[in-house]
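Student: Structure incoming, see below.
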Amino acid sequence: MRITMIGSGYVGLVSGVCFADFGHDVICVDKDLSKIEALREGRIPIYEPGLEQLVAENTSTGRLSFSTDVGESVRSADVVFIAVGTPSRRGDGHADLSYVYAAAREIATYVEGFTVIVTKSTVPVGTGDEVERIMRETNPAADVAVVSNPEFLREGAAIEDFKRPDRIVVGLNDDRARETMTEVYRPLYLNQAPLVFTTRRTSELIKYAANAFLAMKITFINEIADLCERVDANVQDVSRGIGLDGRIGSKFLHAGPGYGGSCFPKDTLALAKTAQDYDAPMRLIETTISINDNRKRAMGRKVISAVGGDIRGKKIAILGLTFKPNTDDMRDSPAIAVIQTLQDNGAQVVGYDPEGMENARKVIENIEYASGPYEAAAGADALVIVTEWNQFRALDFNRLKQSMRAPILVDLRNIYRSDEVRKHGFTYTGIGTNFYQEATGA
């Protein structure tokens, strides 16, 4: 198949590279010339494990190429994917679909012969209808079938998710596209990956419903963690106890500082706004959004409490700035709100992240950046783990204690056992355990 990917950001690039690895001929298109030039030179604009190697392998075979020429790329394609950004719109929180609609107009101008147009971007219900209307208005002679094919990629594990998906959802209103989309995903279909065909609107809603449910699950266990701290229970044991129930499952039941990233914040908000527009408000999701927003600053207050209630003039070391490990993505990272809360209360903040510091500099002001975890901790009054990178899971606490002003660890991801930390002379504060008991060993 000849596939053109409009948009070479996270979703477009990962999807395009994986399609090429399946044996399709893929052109990844982007308006940003500097990005395309970098990709042609093998420089990847995002951090995603394994992506650089796949790009190199597939460009060397000629199956993968990069271009800024929309016209030529679209004319030669059997399938054109729209994988542009849909950020939250300023003012009302709805998904900003301007990039999607602009792509549809441009594609319609150049399309030749029967072509399947696939919306890969995360979009609200009814977007495919509008994409089709725009294309037919722009070019009444265009022979197209507009399809919804949402992505379910986790940053940090995107290649594995694409190649071994739980399911592939394809929404269509034109049966001519069924055979084409089956061929696009044939390598996965042969490996027994479920190919789920629905109507276009149903497909669009599946993506939002999935992300909203997972966000709600995270928020639920975070609230249970707060209750655990009040009633002297342990949230990790609660998570295990309910997660072993097959109806619930263990994934996304890890208490922490709240969800962030490129998907959950904007998708939950867009779903809530869409539901309001259709007079079917989703109170659970609206509450989930509110709780998650408040939780991030609450984690900053948790750090302040662990240090004794007054952090003015004190140095706080933050380990982990990205919203999750194995990515350089800072979008809606809990670390941003935690750091702002500490700064608002007079703290001096030093941060370290294995991959995210370049992007962190764009969104976090007035903090010092360290070259490693021990450099960040030197002279600190507290050490705070915000993102659970693997390199933070085996810290040398004897070394840390010698360099820190005060041996205080606030573990917002529960990657350490409290007794392991306390035996090195540290005061330990985790999530969802009794604070007094954990901090004093009582």
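Chain labels follow the order of the structure tokens: the first chain is A, the next B, and so on; residue numbering restarts at 1 in every chain, and ligands are counted from 1 in their shown order.
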Which residues are close to region 271-287 of chain A, i.e. within 12 Å by only C-alpha atoms, leaving aside same-chain residues fewer than 4 positions away? Reply as a PyMOL selection string.
Tutor: chain A and resi 88-89+91-95+122-127+204-220+223+263-267+291-294
Student: Taking the DSSP secondary structure from the backbone, can you list the residues of region 230-405 of chain A that are strand (DSSP E), as a PyMOL selection string?
Tutor: chain A and resi 315-319+348-352+368-369+382-385
Student: For the residues selected in the previous step, produce a file with C-alpha atoms as a compact mmCIF listing (two decimals), in the first residue's frame.
Tutor:
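Saved to part31.txt:
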# COMPACT_ATOMS: atom_id res chain seq x y z
CA LYS A 315 16.20 23.86 48.63
CA ILE A 316 13.93 21.15 47.23
CA ALA A 317 15.31 18.65 44.71
CA ILE A 318 12.87 17.25 42.15
CA LEU A 319 13.62 13.97 40.38
CA GLN A 348 14.45 27.15 45.77
CA VAL A 349 13.91 24.26 43.33
CA VAL A 350 16.49 22.19 41.49
CA GLY A 351 15.34 19.56 39.03
CA TYR A 352 16.68 16.63 37.07
CA GLU A 368 18.10 25.18 38.54
CA TYR A 369 18.77 22.09 36.44
CA ALA A 382 14.18 17.35 50.72
CA LEU A 383 14.29 15.02 47.73
CA VAL A 384 11.03 14.51 45.80
CA ILE A 385 10.42 11.74 43.26
Student: Which residues are near Pro257 (chain A)? Cut-off 7 Å, only C-alpha atoms, ignore same chain within fewer than 6 positions. Put them as a tab-separated table (two decimals) with C-alpha atoms, in the first residue's frame.
Tutor:
chain	number	residue	atom	x	y	z
A	295	ARG	CA	-4.34	17.00	43.11
A	296	LYS	CA	-1.21	18.30	41.45
A	299	MET	CA	1.17	17.14	46.01
A	334	PRO	CA	2.33	16.99	37.48
A	412	LEU	CA	5.07	10.57	44.95
Student: Using only C-alpha atoms, which of A:Leu409, A:Ala103, A:Met5, A:Val118 sits nearest Thr138 (chain A)?
Tutor: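 Selected residue with least distance to Thr138 (chain A): A:Ala103.
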Student: When distances are computed from only C-alpha atoms, which of A:Pro373, A:Gly23, A:Gly7, A:Gly379 shows the smallest separation from Tyr99 (chain A)?
Tutor: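 Among A:Pro373, A:Gly23, A:Gly7, A:Gly379, it is A:Gly7 that comes nearest to Tyr99 (chain A).
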Student: Nearest to Val84 (chain A) among A:Glu365, A:Cys28, A:Tyr47, A:Ser34, with distances taken over only C-alpha atoms: which residue is it?
Tutor: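 Closest to Val84 (chain A), using only C-alpha atoms: A:Cys28.
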Student: Got a sec: who's within 9 Å of Val14 (chain A), counting only C-alpha atoms, leaving out chain neighbours fewer than 2 positions off, as a list in words?
Tutor: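 Contacts, in chain order: Ser8, Gly9, Tyr10, Val11, Gly12, Gly16, Val17, Cys18, Phe19, Glu48, Leu51, Ala158, Ile159 and Phe162 of chain A.
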Student: Mind checking which residues fall within 12 Å of Lys35 (chain A), counting only C-alpha atoms, ignoring those fewer than 6 positions away in the same chain, and posting them as a list in words?
Tutor: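 So, after excluding close chain neighbours, the residues are Gly7, Ser8, Gly9, Leu13, Cys28, Val29, Glu41, Gly42, Arg43, Ile44, Pro45, Ile46, Phe66, Ser67 and Thr68 of chain A.
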Student: Write out the residues from the selection above, keeping C-alpha atoms, as a JSON list (two decimals), in the first residue's frame.
Tutor:
[["chain", "number", "residue", "atom", "x", "y", "z"],
["A", 7, "GLY", "CA", 1.57, 15.39, 10.27],
["A", 8, "SER", "CA", 4.89, 14.04, 11.52],
["A", 9, "GLY", "CA", 4.41, 14.64, 15.22],
["A", 13, "LEU", "CA", 5.75, 9.65, 12.99],
["A", 28, "CYS", "CA", 5.50, 11.33, 6.33],
["A", 29, "VAL", "CA", 4.57, 14.94, 5.54],
["A", 41, "GLU", "CA", 19.24, 13.22, 8.58],
["A", 42, "GLY", "CA", 18.12, 10.64, 11.10],
["A", 43, "ARG", "CA", 17.57, 13.12, 13.95],
["A", 44, "ILE", "CA", 14.33, 12.32, 15.78],
["A", 45, "PRO", "CA", 12.45, 15.33, 17.24],
["A", 46, "ILE", "CA", 10.86, 13.28, 20.04],
["A", 66, "PHE", "CA", 9.83, 12.53, 4.51],
["A", 67, "SER", "CA", 8.45, 15.50, 2.62],
["A", 68, "THR", "CA", 6.91, 18.96, 2.87]]
Student: One decimal, in Å: what's the spacing between CA of Gly320 (chain A) and CA of His424 (chain A)?
Tutor: 22.2 Å
Student: Just want the 10 Å neighbourhood of Arg133 (chain A), counted on only C-alpha atoms, with same-chain residues fewer than 5 positions away dropped. Output as an MDAnalysis selection string.
Tutor: chainID A and resid 104:105 127:128 138:140 146
Student: So how far away is CA of Gly256 (chain A) from CA of Ile224 (chain A), in Å?
Tutor: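 Interatomic distance, CA of Ile224 (chain A) to CA of Gly256 (chain A): 11.0 Å.
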Student: Please return as a count of residues only: the residues of region 67-164 of chain A that backbone DSSP assigns to alpha helix (DSSP H).
Tutor: 37
Student: Taking only C-alpha atoms into account, name the residue in A:Pro49, A:Gly171, A:Pro194, A:Gly85 that is nearest to Val147 (chain A).
Tutor: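 Counting only C-alpha atoms, the residue closest to Val147 (chain A) is A:Gly171.
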